[in-house]
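Everything below belongs to data_8.cif, which stores mmCIF, C-alpha atoms and all ligand atoms.
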data_input
loop_
_atom_site.label_atom_id
_atom_site.label_comp_id
_atom_site.auth_asym_id
_atom_site.auth_seq_id
_atom_site.Cartn_x
_atom_site.Cartn_y
_atom_site.Cartn_z
CA MET A 1 72.92 90.05 168.04
CA ASN A 2 73.98 91.68 164.75
CA GLY A 3 71.29 92.87 162.33
CA GLU A 4 67.60 92.24 161.76
CA LEU A 5 65.77 89.93 164.20
CA ARG A 6 64.99 86.60 162.51
CA HIS A 7 63.38 83.41 163.78
CA MET A 8 63.27 79.80 162.54
CA LEU A 9 59.72 78.69 163.26
CA ARG A 10 59.06 76.83 160.03
CA ASP A 11 61.20 75.72 157.10
CA ASP A 12 60.07 78.56 154.83
CA ASP A 13 61.29 81.22 157.28
CA VAL A 14 64.52 81.23 155.24
CA THR A 15 64.98 81.81 151.52
CA HIS A 16 66.76 79.42 149.16
CA GLU A 17 69.96 81.47 149.41
CA GLU A 18 69.77 81.77 153.21
CA GLN A 19 69.20 78.03 153.56
CA ARG A 20 72.17 77.41 151.24
CA GLN A 21 74.43 79.59 153.42
CA ILE A 22 73.33 77.87 156.63
CA LEU A 23 74.03 74.47 155.07
CA GLU A 24 77.43 75.62 153.78
CA LEU A 25 78.36 76.72 157.30
CA GLY A 26 77.02 73.38 158.59
CA MET A 27 79.48 71.65 156.23
CA ARG A 28 82.32 73.77 157.71
CA PHE A 29 81.29 72.76 161.23
CA ARG A 30 81.15 69.11 160.08
CA ALA A 31 84.77 69.38 158.95
CA ASP A 32 85.91 71.32 162.05
CA ARG A 33 83.60 71.47 165.06
CA LEU A 34 85.39 74.53 166.49
CA HIS A 35 85.58 76.35 163.13
CA ARG A 36 83.99 79.47 164.69
CA ARG A 37 82.74 80.49 168.15
CA PRO A 38 80.23 83.29 167.50
CA PHE A 39 78.90 83.60 171.06
CA GLU A 40 81.37 86.03 172.51
CA GLY A 41 81.17 86.64 176.22
CA PRO A 42 78.84 84.74 178.53
CA GLN A 43 75.74 84.34 176.34
CA ALA A 44 73.04 81.85 177.24
CA VAL A 45 70.61 80.06 174.96
CA ALA A 46 67.40 78.86 176.64
CA VAL A 47 66.44 75.40 175.35
CA ILE A 48 62.95 74.42 176.54
CA PHE A 49 61.29 71.00 176.25
CA ASP A 50 57.54 70.41 176.58
CA LYS A 51 58.05 66.96 174.99
CA PRO A 52 60.79 64.32 175.39
CA SER A 53 64.03 64.45 173.37
CA THR A 54 67.41 62.78 173.05
CA ARG A 55 68.92 64.21 169.84
CA THR A 56 67.55 67.74 170.06
CA ARG A 57 68.49 68.07 173.73
CA SER A 58 72.04 66.79 173.25
CA SER A 59 72.75 68.58 169.96
CA PHE A 60 71.57 71.99 171.19
CA SER A 61 73.29 71.60 174.59
CA ILE A 62 76.61 70.52 173.12
CA GLY A 63 76.27 72.82 170.11
CA VAL A 64 75.69 75.99 172.15
CA ALA A 65 78.67 75.11 174.35
CA GLU A 66 80.86 74.54 171.27
CA LEU A 67 79.80 77.95 169.95
CA GLY A 68 81.08 79.53 173.15
CA GLY A 69 77.67 80.00 174.79
CA TYR A 70 75.89 78.51 177.79
CA PRO A 71 72.91 76.21 177.22
CA LEU A 72 70.14 76.68 179.80
CA VAL A 73 67.99 73.55 179.41
CA ILE A 74 64.50 73.84 180.92
CA ASP A 75 61.95 71.04 181.13
CA LYS A 76 58.23 71.72 181.17
CA SER A 77 57.82 69.84 184.44
CA GLY A 78 60.40 72.05 186.14
CA SER A 79 59.18 75.38 184.78
CA GLN A 80 56.22 77.67 185.34
CA LEU A 81 55.21 77.15 181.69
CA GLY A 82 54.16 73.67 182.82
CA ARG A 83 51.91 75.25 185.47
CA GLY A 84 50.21 77.55 182.99
CA GLU A 85 52.31 80.73 182.99
CA PRO A 86 51.45 82.48 179.71
CA VAL A 87 53.88 82.08 176.82
CA GLU A 88 53.93 85.88 176.47
CA ASP A 89 55.24 86.31 180.03
CA THR A 90 57.83 83.56 179.61
CA ALA A 91 59.03 85.28 176.43
CA ARG A 92 59.25 88.66 178.18
CA VAL A 93 61.43 87.16 180.92
CA LEU A 94 63.73 84.92 178.83
CA THR A 95 64.31 87.60 176.21
CA ARG A 96 65.93 89.81 178.90
CA MET A 97 68.46 87.12 179.82
CA ALA A 98 69.06 84.74 176.93
CA SER A 99 70.59 85.43 173.49
CA ALA A 100 68.22 82.98 171.79
CA ILE A 101 65.26 80.77 172.73
CA VAL A 102 64.89 77.20 171.42
CA TRP A 103 61.57 75.50 172.14
CA ARG A 104 60.04 72.04 171.57
CA THR A 105 56.31 72.20 172.18
CA PHE A 106 52.85 71.26 170.91
CA GLY A 107 50.94 73.78 168.75
CA GLN A 108 52.80 75.96 166.24
CA GLU A 109 50.93 79.01 167.60
CA ARG A 110 52.92 78.64 170.84
CA VAL A 111 56.32 79.22 169.14
CA GLU A 112 54.73 82.01 167.10
CA THR A 113 53.59 83.74 170.30
CA MET A 114 57.04 83.26 171.84
CA ALA A 115 58.58 84.91 168.77
CA GLU A 116 56.07 87.77 168.82
CA TYR A 117 57.05 88.71 172.39
CA SER A 118 60.77 87.96 172.06
CA THR A 119 63.54 90.39 171.11
CA VAL A 120 65.97 87.51 170.52
CA PRO A 121 65.80 84.76 167.84
CA VAL A 122 63.35 81.90 168.52
CA VAL A 123 63.95 78.43 167.09
CA ASN A 124 61.28 75.75 166.67
CA ALA A 125 62.83 72.54 168.04
CA LEU A 126 59.71 70.58 166.93
CA THR A 127 56.04 71.38 167.11
CA ASP A 128 53.06 69.26 166.08
CA GLN A 129 53.27 71.01 162.66
CA PHE A 130 56.98 71.41 161.81
CA HIS A 131 60.51 70.19 162.64
CA PRO A 132 62.75 72.56 160.65
CA CYS A 133 65.99 71.78 162.53
CA GLN A 134 65.65 68.13 161.54
CA VAL A 135 65.22 68.95 157.86
CA LEU A 136 68.31 71.19 157.87
CA ALA A 137 70.26 68.20 159.27
CA ASP A 138 68.73 65.88 156.67
CA LEU A 139 69.70 68.23 153.82
CA LEU A 140 73.19 68.46 155.29
CA THR A 141 73.34 64.65 155.27
CA LEU A 142 72.46 64.62 151.56
CA ALA A 143 75.10 67.27 150.93
CA GLN A 144 77.64 65.18 152.88
CA HIS A 145 76.96 62.04 150.84
CA ARG A 146 76.10 63.49 147.45
CA GLY A 147 78.67 66.09 146.47
CA GLY A 148 77.97 69.15 148.62
CA VAL A 149 75.27 71.74 149.11
CA ASP A 150 75.24 72.76 145.43
CA ALA A 151 74.14 69.22 144.54
CA LEU A 152 70.81 69.62 146.38
CA PRO A 153 68.74 71.50 143.77
CA GLY A 154 67.10 68.98 141.45
CA MET A 155 67.74 66.03 143.80
CA SER A 156 64.66 63.85 144.42
CA ILE A 157 63.45 62.73 147.86
CA ALA A 158 60.46 60.67 149.00
CA TYR A 159 58.87 60.70 152.45
CA VAL A 160 56.62 57.70 153.07
CA GLY A 161 54.36 57.09 156.09
CA ASP A 162 52.37 59.52 158.23
CA ALA A 163 52.17 62.29 155.64
CA SER A 164 50.09 64.49 157.94
CA ASN A 165 52.80 64.94 160.58
CA ASN A 166 55.47 67.53 161.34
CA MET A 167 58.19 65.77 159.31
CA ALA A 168 56.06 65.57 156.16
CA ASN A 169 55.24 69.29 156.40
CA SER A 170 58.87 70.19 156.95
CA TYR A 171 60.11 68.07 154.02
CA LEU A 172 57.56 69.80 151.78
CA LEU A 173 58.62 73.33 152.75
CA GLY A 174 62.33 72.68 153.37
CA GLY A 175 62.78 70.53 150.26
CA ALA A 176 60.92 73.06 148.11
CA THR A 177 63.16 75.83 149.49
CA ALA A 178 66.21 73.78 148.46
CA GLY A 179 64.78 73.39 144.92
CA MET A 180 64.28 69.63 145.22
CA ASP A 181 61.81 67.16 143.73
CA VAL A 182 59.82 66.33 146.90
CA ARG A 183 57.38 63.41 146.96
CA VAL A 184 55.21 62.64 149.97
CA ALA A 185 53.11 59.47 150.28
CA GLY A 186 50.62 58.44 152.95
CA PRO A 187 47.23 56.79 153.30
CA TYR A 188 43.94 58.64 152.94
CA GLY A 189 43.26 60.52 156.16
CA PHE A 190 47.00 61.03 156.77
CA LEU A 191 47.94 63.41 153.96
CA PRO A 192 49.40 66.92 154.41
CA ASP A 193 47.35 70.05 154.96
CA PRO A 194 46.48 71.42 151.47
CA GLN A 195 47.61 74.90 152.55
CA ILE A 196 51.10 73.60 153.26
CA VAL A 197 51.17 71.74 149.94
CA ALA A 198 50.11 74.95 148.16
CA LYS A 199 52.86 76.90 149.93
CA ALA A 200 55.43 74.25 148.98
CA GLU A 201 54.26 74.41 145.36
CA ALA A 202 54.59 78.20 145.35
CA ILE A 203 58.14 78.00 146.73
CA ALA A 204 59.04 75.21 144.28
CA SER A 205 57.89 77.30 141.34
CA ASP A 206 60.53 79.90 142.34
CA THR A 207 63.37 77.49 143.19
CA GLY A 208 62.91 75.01 140.34
CA GLY A 209 61.65 72.30 142.70
CA ARG A 210 58.69 69.94 142.26
CA ILE A 211 56.02 68.68 144.66
CA LEU A 212 54.07 65.42 144.49
CA VAL A 213 51.55 64.24 147.11
CA THR A 214 50.19 60.74 146.56
CA THR A 215 48.65 57.74 148.32
CA ASP A 216 50.93 55.43 146.27
CA PRO A 217 54.26 54.76 148.04
CA ARG A 218 55.69 53.08 144.92
CA GLU A 219 55.03 56.15 142.77
CA ALA A 220 56.68 58.33 145.44
CA VAL A 221 59.93 56.39 145.74
CA SER A 222 60.34 55.60 142.04
CA GLY A 223 63.88 56.63 141.04
CA VAL A 224 64.53 58.89 144.04
CA ASP A 225 67.91 59.75 145.57
CA CYS A 226 66.76 59.31 149.16
CA VAL A 227 63.83 57.69 151.00
CA PHE A 228 62.67 59.06 154.36
CA THR A 229 60.17 57.84 156.91
CA ASP A 230 59.16 58.59 160.50
CA THR A 231 57.16 57.01 163.30
CA TRP A 232 53.48 56.30 162.63
CA VAL A 233 52.62 57.64 166.10
CA SER A 234 54.11 61.03 166.93
CA MET A 235 54.55 62.47 170.42
CA GLY A 236 51.18 63.44 171.82
CA GLU A 237 49.31 60.85 169.69
CA GLU A 238 50.02 57.83 171.90
CA ALA A 239 46.30 57.35 172.65
CA GLU A 240 45.75 56.73 168.91
CA TYR A 241 48.32 53.93 168.75
CA ALA A 242 45.81 51.18 167.91
CA ILE A 243 43.96 53.08 165.17
CA ARG A 244 47.12 54.56 163.71
CA SER A 245 49.07 51.35 163.16
CA LYS A 246 46.64 49.75 160.71
CA PRO A 247 46.49 52.17 157.73
CA PHE A 248 50.26 52.43 157.46
CA TRP A 249 51.36 48.84 156.77
CA ASP A 250 51.45 49.44 152.99
CA TYR A 251 53.79 52.35 153.67
CA GLN A 252 56.48 50.42 155.53
CA VAL A 253 59.96 51.15 154.12
CA ASN A 254 61.33 47.67 153.42
CA ASP A 255 63.74 46.11 150.92
CA ALA A 256 61.01 45.73 148.27
CA LEU A 257 60.15 49.44 148.41
CA MET A 258 63.83 50.48 148.42
CA THR A 259 64.46 48.55 145.17
CA LEU A 260 62.19 51.08 143.38
CA ALA A 261 64.47 53.99 144.35
CA LYS A 262 67.82 54.66 142.58
CA PRO A 263 70.27 51.76 143.01
CA ASP A 264 72.46 53.91 145.28
CA ALA A 265 69.56 55.64 147.05
CA LEU A 266 70.10 56.62 150.68
CA PHE A 267 67.72 56.03 153.60
CA GLN A 268 67.11 58.57 156.39
CA HIS A 269 64.92 58.59 159.51
CA CYS A 270 64.79 61.44 162.01
CA LEU A 271 64.70 58.87 164.87
CA PRO A 272 63.54 57.45 167.21
CA ALA A 273 62.74 54.50 164.90
CA TYR A 274 60.46 51.53 165.45
CA ARG A 275 62.00 48.58 163.60
CA GLY A 276 59.39 46.28 162.12
CA LYS A 277 56.87 49.13 161.90
CA GLU A 278 57.65 52.13 159.66
CA VAL A 279 61.01 50.62 158.62
CA THR A 280 62.49 47.13 158.62
CA ALA A 281 65.77 46.42 160.42
CA SER A 282 67.21 45.33 157.06
CA VAL A 283 66.81 48.89 155.73
CA ILE A 284 67.66 51.03 158.76
CA ASP A 285 70.61 48.83 159.72
CA GLY A 286 71.55 48.16 156.08
CA PRO A 287 74.16 49.67 153.74
CA ARG A 288 72.00 52.51 152.37
CA SER A 289 71.09 53.88 155.77
CA VAL A 290 72.82 57.11 156.85
CA VAL A 291 70.76 57.64 160.00
CA TRP A 292 73.75 58.01 162.36
CA ASP A 293 75.32 60.69 160.16
CA GLU A 294 71.87 62.29 160.05
CA ALA A 295 71.68 62.32 163.87
CA GLU A 296 75.20 63.80 164.14
CA ASN A 297 74.32 66.44 161.58
CA ARG A 298 71.74 67.89 163.98
CA LEU A 299 74.74 69.28 165.86
CA HIS A 300 76.45 70.87 162.84
CA ALA A 301 73.25 72.18 161.21
CA GLN A 302 71.95 73.79 164.40
CA LYS A 303 75.28 75.44 165.18
CA ALA A 304 75.16 76.94 161.69
CA LEU A 305 71.52 77.98 162.16
CA LEU A 306 72.27 79.71 165.49
CA THR A 307 75.30 81.46 163.96
CA TRP A 308 73.08 82.71 161.14
CA LEU A 309 70.26 83.77 163.47
CA MET A 310 72.69 85.61 165.76
CA GLY A 311 73.62 87.68 162.73
CA GLN A 312 77.28 86.65 162.48
CA LEU A 313 76.94 84.78 159.21
CA ARG A 314 74.63 87.40 157.74
CA ALA A 315 77.17 90.13 158.61
CA ASP A 316 80.30 88.25 157.59
CA GLU A 317 80.27 85.72 154.78
CA SER A 318 83.96 85.08 155.39
CA LEU A 319 82.72 82.65 158.05
CA LEU A 320 82.24 80.32 155.09
CA ALA A 321 85.92 80.54 154.15
N1 LIG A 401 64.83 63.56 165.75
C1 LIG A 401 64.63 64.14 166.95
O1 LIG A 401 64.20 65.28 167.04
O2 LIG A 401 64.97 63.36 168.00
P1 LIG A 401 64.68 63.66 169.54
O3 LIG A 401 63.18 63.53 169.74
O4 LIG A 401 65.44 62.61 170.29
O5 LIG A 401 65.14 65.05 169.87
N1 LIG A 402 56.98 62.93 164.15
C1 LIG A 402 57.79 62.66 165.33
C2 LIG A 402 59.15 63.21 165.16
C3 LIG A 402 60.10 62.90 166.31
C4 LIG A 402 61.43 63.52 166.17
C5 LIG A 402 57.10 63.23 166.55
O1 LIG A 402 56.63 64.37 166.49
O2 LIG A 402 57.05 62.52 167.57
#

Output the structure of this file as structure tokens.
Amino acid sequence: MNGELRHMLRDDDVTHEEQRQILELGMRFRADRLHRRPFEGPQAVAVIFDKPSTRTRSSFSIGVAELGGYPLVIDKSGSQLGRGEPVEDTARVLTRMASAIVWRTFGQERVETMAEYSTVPVVNALTDQFHPCQVLADLLTLAQHRGGVDALPGMSIAYVGDASNNMANSYLLGGATAGMDVRVAGPYGFLPDPQIVAKAEAIASDTGGRILVTTDPREAVSGVDCVFTDTWVSMGEEAEYAIRSKPFWDYQVNDALMTLAKPDALFQHCLPAYRGKEVTASVIDGPRSVVWDEAENRLHAQKALLTWLMGQLRADESLLA
């Protein structure tokens, strides 16, 4: 690795300028998947899953291989982490073999501990609190459809649904970092942690962004460039399925809600989606939906993120040429 050790544990682990560079490189990878291969020699990236995944698993596995590295995919059930080996000890072992560690797990403190004991970059591939890789892909999707990375500052986005989950938190911090007008709407009891809102507001005051948290989905989507939603029941909350479905019906993204956004507004969803619940089939399968580009952009955004974390992009901006 070249340069200072950096991690991506939450969306505000990068500055506005760093995020911009990562997204610019993501655009290069979009245009040419083999644009650069920064993993020289046989370097492995450990990709660990304590929760299920389709997109994150495939995009990191294929992405690391395209970068010239070897993805070592480890499932909780097949590892000693699943039998209670301390995170600290796992970090001490993996850090001696792998060039980076990517981890999908439960509490944010687990990835923080991994990073504390690691001498290689650690990437949060989703925790209960944040999903920063997804938001990088979502910003890349906006850049793809709306005139490039420089078009992001000042753009308005609305996230509607479970506003207390990992996606809501990541849109607040990641969107604020990009200098966007970020609106988040959910029912009482499912609003973001005030500390995260305060952090997003502090970032926005530096980047020229704006933050709005509301219980009114119509206020949130009014005139926005893109509407986002996510499942009402995140991984690990399955036991709450019955109590969680009820408060969210007013927050379904349907044709009526989409008419309040800009006439050419886009729709994104991190997936997996539950048609007829958080989004109607008419919206997710309709002309404004860019969810398949969004899913593909996980690959390009994460390759750019790993290239940045490994120090190559930080050492050599000509990678953007
Ligand atoms: N959006 C996302 O992270 O999808 P997976 O759960 O399939 O990885
Ligand atoms: N909020 C969802 C995101 C899935 C990618 C979850 O955590 O299950």

CA of Ser79 (chain A) sits from CA of Glu66 (chain A) at a separation of 25.6 Å

Mind dumping a table of every chain A residue within 8 Å of ligand LIG 401 (chain A), with the nearest atom pair and its distance in Å to one decimal, using all atoms listed in the file, sorted by chain and rising number, as JSON lines?
{"residue": "A:Pro52", "atom": "CA", "partner": "A:LIG401", "partner_atom": "O3", "distance": 6.2}
{"residue": "A:Ser53", "atom": "CA", "partner": "A:LIG401", "partner_atom": "O5", "distance": 3.7}
{"residue": "A:Thr54", "atom": "CA", "partner": "A:LIG401", "partner_atom": "O4", "distance": 3.4}
{"residue": "A:Arg55", "atom": "CA", "partner": "A:LIG401", "partner_atom": "O4", "distance": 3.9}
{"residue": "A:Thr56", "atom": "CA", "partner": "A:LIG401", "partner_atom": "O5", "distance": 3.6}
{"residue": "A:Arg57", "atom": "CA", "partner": "A:LIG401", "partner_atom": "O5", "distance": 5.9}
{"residue": "A:Ser58", "atom": "CA", "partner": "A:LIG401", "partner_atom": "O5", "distance": 7.9}
{"residue": "A:Ala125", "atom": "CA", "partner": "A:LIG401", "partner_atom": "O1", "distance": 7.5}
{"residue": "A:Leu126", "atom": "CA", "partner": "A:LIG401", "partner_atom": "O1", "distance": 6.9}
{"residue": "A:His131", "atom": "CA", "partner": "A:LIG401", "partner_atom": "O1", "distance": 7.6}
{"residue": "A:Gln134", "atom": "CA", "partner": "A:LIG401", "partner_atom": "N1", "distance": 6.3}
{"residue": "A:His269", "atom": "CA", "partner": "A:LIG401", "partner_atom": "N1", "distance": 8.0}
{"residue": "A:Cys270", "atom": "CA", "partner": "A:LIG401", "partner_atom": "N1", "distance": 4.3}
{"residue": "A:Leu271", "atom": "CA", "partner": "A:LIG401", "partner_atom": "N1", "distance": 4.8}
{"residue": "A:Pro272", "atom": "CA", "partner": "A:LIG401", "partner_atom": "O2", "distance": 6.1}
{"residue": "A:Ala295", "atom": "CA", "partner": "A:LIG401", "partner_atom": "N1", "distance": 7.2}

- Query: By how many Å are CA of Ile62 (chain A) and CA of Trp308 (chain A) apart?
  - Reply: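 Calculated distance between CA of Ile62 (chain A) and CA of Trp308 (chain A) is 17.5 Å.
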
Given a cut-off of 12 Å, what residues near ligand LIG 402 (chain A) show up using all atoms listed in the file, put as a PyMOL selection string?
chain A and resi 50-57+104-107+125-135+161-171+228-238+269-274+278+295+298

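The residue that comes closest to Leu320 (chain A), out of A:Gln80, A:Thr307, A:Gln21, A:Gln108 and on the basis of only C-alpha atoms, is A:Gln21.
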
Q.
If we count all atoms listed in the file and set the cut-off at 9 Å, which residues sit around region 247-260 of chain A, ignoring sequence neighbours fewer than 5 positions away in its own chain? Please answer as number ranges by chain.
A. A: 160-162, 185-188, 190, 216-219, 221-224, 227-229, 232, 265, 267, 276-284

>> Could you check the closest approach to Leu299 (chain A) for each of A:Ala176, A:Leu25, A:Leu212, A:Ala220 and tell me which residue wins, using all atoms listed in the file?
In response: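 Checking each candidate against Leu299 (chain A), we get A:Leu25 as the closest.
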
So the first atom is CA of Thr15 (chain A) and the second is CA of Ala178 (chain A); what is the distance between them in Å, to one decimal place?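 So the answer is 8.7 Å.
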
Expected answer as a list in words: all residues with atoms within 12 Å of (82.3, 68.0, 163.4), all atoms listed in the file: Leu25, Gly26, Met27, Arg28, Phe29, Arg30, Ala31, Asp32, Arg33, Leu34, His35, Arg36, Ser59, Ile62, Gly63, Glu66, Gln144, Asp293, Glu296, Asn297, Arg298, Leu299, His300, Ala301, Gln302, Lys303 and Ala304 of chain A

Using all atoms listed in the file, what table do you get, as JSON lines, when you list each residue of region 30-50 of chain A with an atom no more than 12 Å from region 312-316 of chain A, its nearest pair of atoms, and their distance in Å rounded to one decimal, rows by chain then rising number?
{"residue": "A:Arg36", "atom": "CA", "partner": "A:Gln312", "partner_atom": "CA", "distance": 10.1}
{"residue": "A:Arg37", "atom": "CA", "partner": "A:Gln312", "partner_atom": "CA", "distance": 10.0}
{"residue": "A:Pro38", "atom": "CA", "partner": "A:Gln312", "partner_atom": "CA", "distance": 6.7}
{"residue": "A:Phe39", "atom": "CA", "partner": "A:Gln312", "partner_atom": "CA", "distance": 9.2}
{"residue": "A:Glu40", "atom": "CA", "partner": "A:Gln312", "partner_atom": "CA", "distance": 10.8}

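When only C-alpha atoms are used to compute distances to Arg6 (chain A), the closest of the residues A:Ser289, A:Thr141, A:Thr207, A:Ser118 turns out to be A:Ser118.
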
Item to complete: For Ala151 (chain A), list every protein, DNA or RNA residue within 12 Å, evaluated using all atoms listed in the file, and leave out those in the same chain fewer than 4 positions away; present the list as a PyMOL selection string.
Response: chain A and resi 20+23-24+139-147+155-156+178-180+225

Saved selection, atoms kept: C-alpha atoms, as a compact mmCIF listing (two decimals), in the frame of the given file:
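Okay, again.txt is ready:
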# COMPACT_ATOMS: atom_id res chain seq x y z
CA ARG A 20 72.17 77.41 151.24
CA LEU A 23 74.03 74.47 155.07
CA GLU A 24 77.43 75.62 153.78
CA LEU A 139 69.70 68.23 153.82
CA LEU A 140 73.19 68.46 155.29
CA THR A 141 73.34 64.65 155.27
CA LEU A 142 72.46 64.62 151.56
CA ALA A 143 75.10 67.27 150.93
CA GLN A 144 77.64 65.18 152.88
CA HIS A 145 76.96 62.04 150.84
CA ARG A 146 76.10 63.49 147.45
CA GLY A 147 78.67 66.09 146.47
CA MET A 155 67.74 66.03 143.80
CA SER A 156 64.66 63.85 144.42
CA ALA A 178 66.21 73.78 148.46
CA GLY A 179 64.78 73.39 144.92
CA MET A 180 64.28 69.63 145.22
CA ASP A 225 67.91 59.75 145.57

Write out as a count of residues only each polymer residue whose atoms come within 9 Å of Gln43 (chain A), counting all atoms listed in the file; drop sequence neighbours fewer than 6 positions from it. 8

In terms of all atoms listed in the file, the residue from A:Gly82, A:Gly175, A:Pro192, A:Gly209 at minimal distance from Gly154 (chain A) is A:Gly209

Counting all atoms listed in the file, closest pick from A:Val87, A:Cys226, A:Asp11, A:Leu319 relative to Ala200 (chain A) is A:Asp11

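With only C-alpha atoms as the atoms that count, the minimum distance from Thr90 (chain A) to the choices A:Ala239, A:Leu67, A:Ile22, A:Ala46 is reached by A:Ala46.
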
Could region 157-163 of chain A be completed with all heavy atoms and written as a CSV table (one decimal), keeping the file's coordinate frame, please?
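part.csv written:
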chain,number,residue,atom,x,y,z
A,157,ILE,N,63.6,63.4,146.6
A,157,ILE,CA,63.4,62.7,147.9
A,157,ILE,C,62.0,62.3,148.0
A,157,ILE,O,61.1,62.9,147.5
A,157,ILE,CB,63.9,63.6,149.0
A,157,ILE,CG1,63.0,64.9,149.1
A,157,ILE,CG2,65.3,64.0,149.0
A,157,ILE,CD1,63.2,65.8,150.4
A,158,ALA,N,61.8,61.2,148.7
A,158,ALA,CA,60.5,60.7,149.0
A,158,ALA,C,60.3,60.4,150.5
A,158,ALA,O,61.1,59.8,151.1
A,158,ALA,CB,60.2,59.4,148.3
A,159,TYR,N,59.2,61.0,151.0
A,159,TYR,CA,58.9,60.7,152.4
A,159,TYR,C,57.6,59.8,152.4
A,159,TYR,O,56.6,60.2,151.8
A,159,TYR,CB,58.6,62.0,153.2
A,159,TYR,CG,58.0,61.8,154.6
A,159,TYR,CD1,58.8,61.5,155.7
A,159,TYR,CD2,56.6,61.8,154.7
A,159,TYR,CE1,58.2,61.2,156.9
A,159,TYR,CE2,56.0,61.5,156.0
A,159,TYR,CZ,56.8,61.2,157.0
A,159,TYR,OH,56.3,61.0,158.3
A,160,VAL,N,57.7,58.7,153.1
A,160,VAL,CA,56.6,57.7,153.1
A,160,VAL,C,56.2,57.4,154.5
A,160,VAL,O,57.0,57.1,155.3
A,160,VAL,CB,57.1,56.4,152.4
A,160,VAL,CG1,56.1,55.3,152.4
A,160,VAL,CG2,57.6,56.7,151.0
A,161,GLY,N,54.9,57.4,154.8
A,161,GLY,CA,54.4,57.1,156.1
A,161,GLY,C,53.3,58.0,156.5
A,161,GLY,O,52.3,58.2,155.8
A,162,ASP,N,53.4,58.6,157.7
A,162,ASP,CA,52.4,59.5,158.2
A,162,ASP,C,52.6,60.9,157.6
A,162,ASP,O,53.4,61.7,158.0
A,162,ASP,CB,52.4,59.6,159.8
A,162,ASP,CG,51.4,60.6,160.3
A,162,ASP,OD1,50.6,61.2,159.5
A,162,ASP,OD2,51.4,60.9,161.5
A,163,ALA,N,51.9,61.1,156.4
A,163,ALA,CA,52.2,62.3,155.6
A,163,ALA,C,51.4,63.5,156.2
A,163,ALA,O,51.4,64.6,155.6
A,163,ALA,CB,51.8,62.0,154.2
